[in-house]
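A short write-up of the structure that comes next.
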Amino acid sequence: MIFANTASTFVGGGMAERMHLPCYFTYGILQTGVAYPILSRWSWNQEGWLKAMGYSDVSGSGVIHLYSGACGFVSAWVIGPRSGRFPSAQGDPQGSSILPAHSLPLVNIGAMLLIFGFAGFNAASQLTISHPGDGFVVAQATFNSFLACSSGGITSVLLSRFLPWFGHRSWNYGNLVNGSLAGMVAVCAGCGSLAPWAAFVTGSLGGLSFLCGRSIVDKLKVDDMLDSFALHYSAGLVGLITAPFLVPNGLLFKPDVASSKTLGVNLLGVLVITGWAVVWCLPLFLGLKQLGVLRVPLETESRGLDVTEHSGEIAYHLSDSEDADMDTSGRVSIPKDSLLEANRLLLDRLDCKDQQQLAISMDVYMYSCRYNVNGQQWPNLCVTDE
């Protein structure tokens, strides 16, 4: 049940901020109740046809992560990008192509929860603890998970800092977090049997695959908000391919027919899992889109789903002071002087060469505060002259 829920929740992140909540329920029920159980039986049950052929995936690099990453890509492609995410594709010169996370501390908390959850996730894939040797496998799976996490994060942040192909060359915390998780995704396929050095290599390749996957998605202008494809599909693919090489009886140590067959069956599994995800998700989300119930209107997206979908239960209050007042409809009134002062404090951190550049930056910032990417004033923001 936990694995089924995990495979389902990764997909919702790709459609966050713009999907109707009832559609999430529809998708979640069909995925966890029908699509995923069939796939897991093929791959993990002793009577499943993939398992009988020799498919090897200890903790779900393919069954969980590759599958959910493929579903996430399809869903994000069908629903379309958030307003302002790809301005050239949307015919909107005012939009920004970078929509940063609103709270890095919350990103950090979520990452820590996932990392420790992964450790239990991978260790519990042994399924027993009372048989001889179970304790060693559980300990090795846990250790390898944290080792791959470390190597994936280090690789991702170093490559994004020193290579020009992965966006701005900076010490990016988001790349560190996602690279760490990608390393853990990659090591899932062989976590209980890989040597520590092999787990390190697998995690590093997972971090690299994350950066490559995200670059591909950006080139295709698919707004995968939580990088479900780059993180889960790309790293899951790495895990399924590297495990047949790096496990003790793998191709690297024992290049025979048996180890070659495992690699071949895992590659077949990649095709089967990807195809199964497309067969399920593409008709489902296209149907919901055709019915006009998949995506919320642009005004609703701009105001926030917490305001519209949840009857004004505001998730993020801008201020508790008298400088900002929010009514039950989610409309915020902010005095212009307070907004300008906050803007000046923000621009103090920017590298503005002269006063003219500073003034231009302030004008752009004020415009973005007042108006959405379509040049219309935000329906939930009112800048007053008081």
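Please note that chains go A, B, ... in the order of the structure tokens, that every chain numbers its residues from 1, and that ligands are numbered from 1 in the order shown.
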Residues near Val177 in chain A, cut-off 12 Å, only C-alpha atoms, skip fewer than 4 positions along chain, as a count of residues only: 34
Neighbour list for Leu220 in chain A as a ChimeraX atom specification, cut-off 12 Å, only C-alpha atoms, skip fewer than 2 positions in-chain: /A:73,76-77,80-81,86,89,213-218,222-224
Output file for the residues above (C-alpha atoms, as a PDB file, in the first residue's frame):
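What ended up in again.pdb:
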ATOM      1  CA  PHE A  73       5.914  13.694 -17.551  1.00  0.00           C
ATOM      2  CA  ALA A  76       2.639  17.728 -16.951  1.00  0.00           C
ATOM      3  CA  TRP A  77       2.691  17.713 -20.759  1.00  0.00           C
ATOM      4  CA  GLY A  80       0.432  22.498 -19.824  1.00  0.00           C
ATOM      5  CA  PRO A  81       2.858  24.860 -18.077  1.00  0.00           C
ATOM      6  CA  PHE A  86       7.752  29.464 -20.588  1.00  0.00           C
ATOM      7  CA  ALA A  89       5.888  29.387 -25.795  1.00  0.00           C
ATOM      8  CA  GLY A 213      16.696  14.852 -17.309  1.00  0.00           C
ATOM      9  CA  ARG A 214      15.803  18.352 -16.172  1.00  0.00           C
ATOM     10  CA  SER A 215      17.641  19.860 -19.136  1.00  0.00           C
ATOM     11  CA  ILE A 216      15.650  17.634 -21.494  1.00  0.00           C
ATOM     12  CA  VAL A 217      12.339  18.587 -19.892  1.00  0.00           C
ATOM     13  CA  ASP A 218      13.180  22.299 -20.079  1.00  0.00           C
ATOM     14  CA  VAL A 222       7.241  20.763 -20.147  1.00  0.00           C
ATOM     15  CA  ASP A 223       6.541  22.342 -16.764  1.00  0.00           C
ATOM     16  CA  ASP A 224       7.352  19.458 -14.443  1.00  0.00           C
TER      17      ASP A 224
END
Spatial neighbours of Gly250 in chain A, 12 Å, only C-alpha atoms, chain gap at least 3 places, as a ChimeraX atom specification: /A:56,190,193-195,198,241-247,253-263
Of the listed residues A:Phe3, A:Trp197, A:Phe146, A:Phe136, that which approaches Leu39 in chain A most closely, counting only C-alpha atoms: A:Phe3
Pick out the residues sitting within 7 Å of Ser8 in chain A, and hand them over as a PDB file with all heavy atoms, in the first residue's frame; count only C-alpha atoms, and ignore anything fewer than 5 positions along from it in its own chain.
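As written to disk, result37.pdb reads:
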ATOM      1  N   GLY A  28      -5.614   9.377  -8.505  1.00  0.00           N
ATOM      2  CA  GLY A  28      -5.053   8.605  -7.409  1.00  0.00           C
ATOM      3  C   GLY A  28      -5.749   7.267  -7.205  1.00  0.00           C
ATOM      4  O   GLY A  28      -5.098   6.240  -6.961  1.00  0.00           O
ATOM      5  N   GLN A  31      -4.784   4.926 -10.164  1.00  0.00           N
ATOM      6  CA  GLN A  31      -3.387   4.522 -10.132  1.00  0.00           C
ATOM      7  C   GLN A  31      -3.112   3.518  -9.008  1.00  0.00           C
ATOM      8  O   GLN A  31      -2.504   2.471  -9.232  1.00  0.00           O
ATOM      9  CB  GLN A  31      -2.488   5.746  -9.953  1.00  0.00           C
ATOM     10  CG  GLN A  31      -2.345   6.586 -11.205  1.00  0.00           C
ATOM     11  CD  GLN A  31      -1.499   5.888 -12.262  1.00  0.00           C
ATOM     12  OE1 GLN A  31      -1.994   5.030 -12.981  1.00  0.00           O
ATOM     13  NE2 GLN A  31      -0.245   6.256 -12.358  1.00  0.00           N
ATOM     14  N   THR A  32      -3.524   3.865  -7.801  1.00  0.00           N
ATOM     15  CA  THR A  32      -3.225   2.991  -6.669  1.00  0.00           C
ATOM     16  C   THR A  32      -4.104   1.755  -6.633  1.00  0.00           C
ATOM     17  O   THR A  32      -3.707   0.725  -6.080  1.00  0.00           O
ATOM     18  CB  THR A  32      -3.398   3.759  -5.352  1.00  0.00           C
ATOM     19  OG1 THR A  32      -4.752   4.249  -5.250  1.00  0.00           O
ATOM     20  CG2 THR A  32      -2.441   4.927  -5.271  1.00  0.00           C
ATOM     21  N   SER A  68       6.403   6.262 -11.970  1.00  0.00           N
ATOM     22  CA  SER A  68       5.824   7.542 -11.550  1.00  0.00           C
ATOM     23  C   SER A  68       6.439   8.704 -12.320  1.00  0.00           C
ATOM     24  O   SER A  68       5.754   9.689 -12.612  1.00  0.00           O
ATOM     25  CB  SER A  68       6.022   7.738 -10.043  1.00  0.00           C
ATOM     26  OG  SER A  68       7.390   7.776  -9.715  1.00  0.00           O
TER      27      SER A  68
END
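Comparing A:Ala124, A:Ala141, A:Ile79, A:Ala277 by their smallest distance to Cys23 in chain A, the closest is A:Ile79 (using only C-alpha atoms).
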Residues of range 263-296 of chain A in alpha helix (DSSP H), written as an MDAnalysis selection string: chainID A and resid 263:290
Residue contacts of Phe285 in chain A (9 Å, only C-alpha atoms) excluding same-chain residues fewer than 6 positions away, as a PyMOL selection string: chain A and resi 23+27+74-75+78-79+294
Using only N, CA and C atoms, please write the residues we just selected to a file, as a CSV table (one decimal), in the first residue's frame.
chain,number,residue,atom,x,y,z
A,23,CYS,N,-9.8,16.0,-9.8
A,23,CYS,CA,-9.0,15.2,-10.8
A,23,CYS,C,-7.9,14.4,-10.1
A,27,TYR,N,-7.4,10.4,-10.4
A,27,TYR,CA,-6.1,9.8,-10.8
A,27,TYR,C,-5.6,8.9,-9.8
A,74,VAL,N,3.9,12.7,-18.6
A,74,VAL,CA,2.7,12.7,-19.4
A,74,VAL,C,1.7,13.7,-18.8
A,75,SER,N,1.5,13.7,-17.5
A,75,SER,CA,0.5,14.6,-16.9
A,75,SER,C,0.9,16.0,-17.0
A,78,VAL,N,0.3,17.1,-20.7
A,78,VAL,CA,-1.1,17.3,-21.0
A,78,VAL,C,-1.7,18.6,-20.4
A,79,ILE,N,-1.4,18.8,-19.1
A,79,ILE,CA,-2.0,19.9,-18.4
A,79,ILE,C,-1.4,21.3,-18.9
A,294,LEU,N,-9.8,19.4,-16.0
A,294,LEU,CA,-8.4,19.1,-15.5
A,294,LEU,C,-7.7,20.3,-14.9
Who sits within 9 Å of Ala52 in chain A, only C-alpha atoms, same chain under 6 positions skipped, as JSON, numbers by chain: {"A": [42, 43, 45, 46]}
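Here the question is which of A:Leu163, A:Cys71, A:Leu291, A:Val34 gets nearest to Met15 in chain A using only C-alpha atoms, and that residue is A:Cys71.
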Nearest-residue call for Gly179 in chain A, choices A:Trp165, A:Ala315, A:Gly203, A:Gly264, using only C-alpha atoms: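 Of the candidates, the smallest distance to Gly179 in chain A is held by A:Gly203.
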Within 12 Å of Ile29 in chain A using only C-alpha atoms, minus same-chain residues under 4 positions, as a PyMOL selection string: chain A and resi 4-5+7-9+22-25+33-37
Save the residues we just selected, C-alpha atoms, as a PDB file, in the first residue's frame?
ATOM      1  CA  ALA A   4       1.334   2.236  -4.351  1.00  0.00           C
ATOM      2  CA  ASN A   5       0.733   5.562  -2.616  1.00  0.00           C
ATOM      3  CA  ALA A   7       4.038   5.876  -7.005  1.00  0.00           C
ATOM      4  CA  SER A   8       0.876   7.989  -7.102  1.00  0.00           C
ATOM      5  CA  THR A   9       1.957  11.035  -5.096  1.00  0.00           C
ATOM      6  CA  PRO A  22     -11.229  16.198  -7.835  1.00  0.00           C
ATOM      7  CA  CYS A  23      -8.992  15.208 -10.763  1.00  0.00           C
ATOM      8  CA  TYR A  24      -6.273  14.286  -8.304  1.00  0.00           C
ATOM      9  CA  PHE A  25      -8.728  12.007  -6.509  1.00  0.00           C
ATOM     10  CA  GLY A  33      -6.224   0.712  -7.169  1.00  0.00           C
ATOM     11  CA  VAL A  34      -5.677  -0.622 -10.680  1.00  0.00           C
ATOM     12  CA  ALA A  35      -2.593   0.425 -12.665  1.00  0.00           C
ATOM     13  CA  TYR A  36       0.150   0.072 -10.065  1.00  0.00           C
ATOM     14  CA  PRO A  37      -1.006  -3.282  -8.571  1.00  0.00           C
TER      15      PRO A  37
END
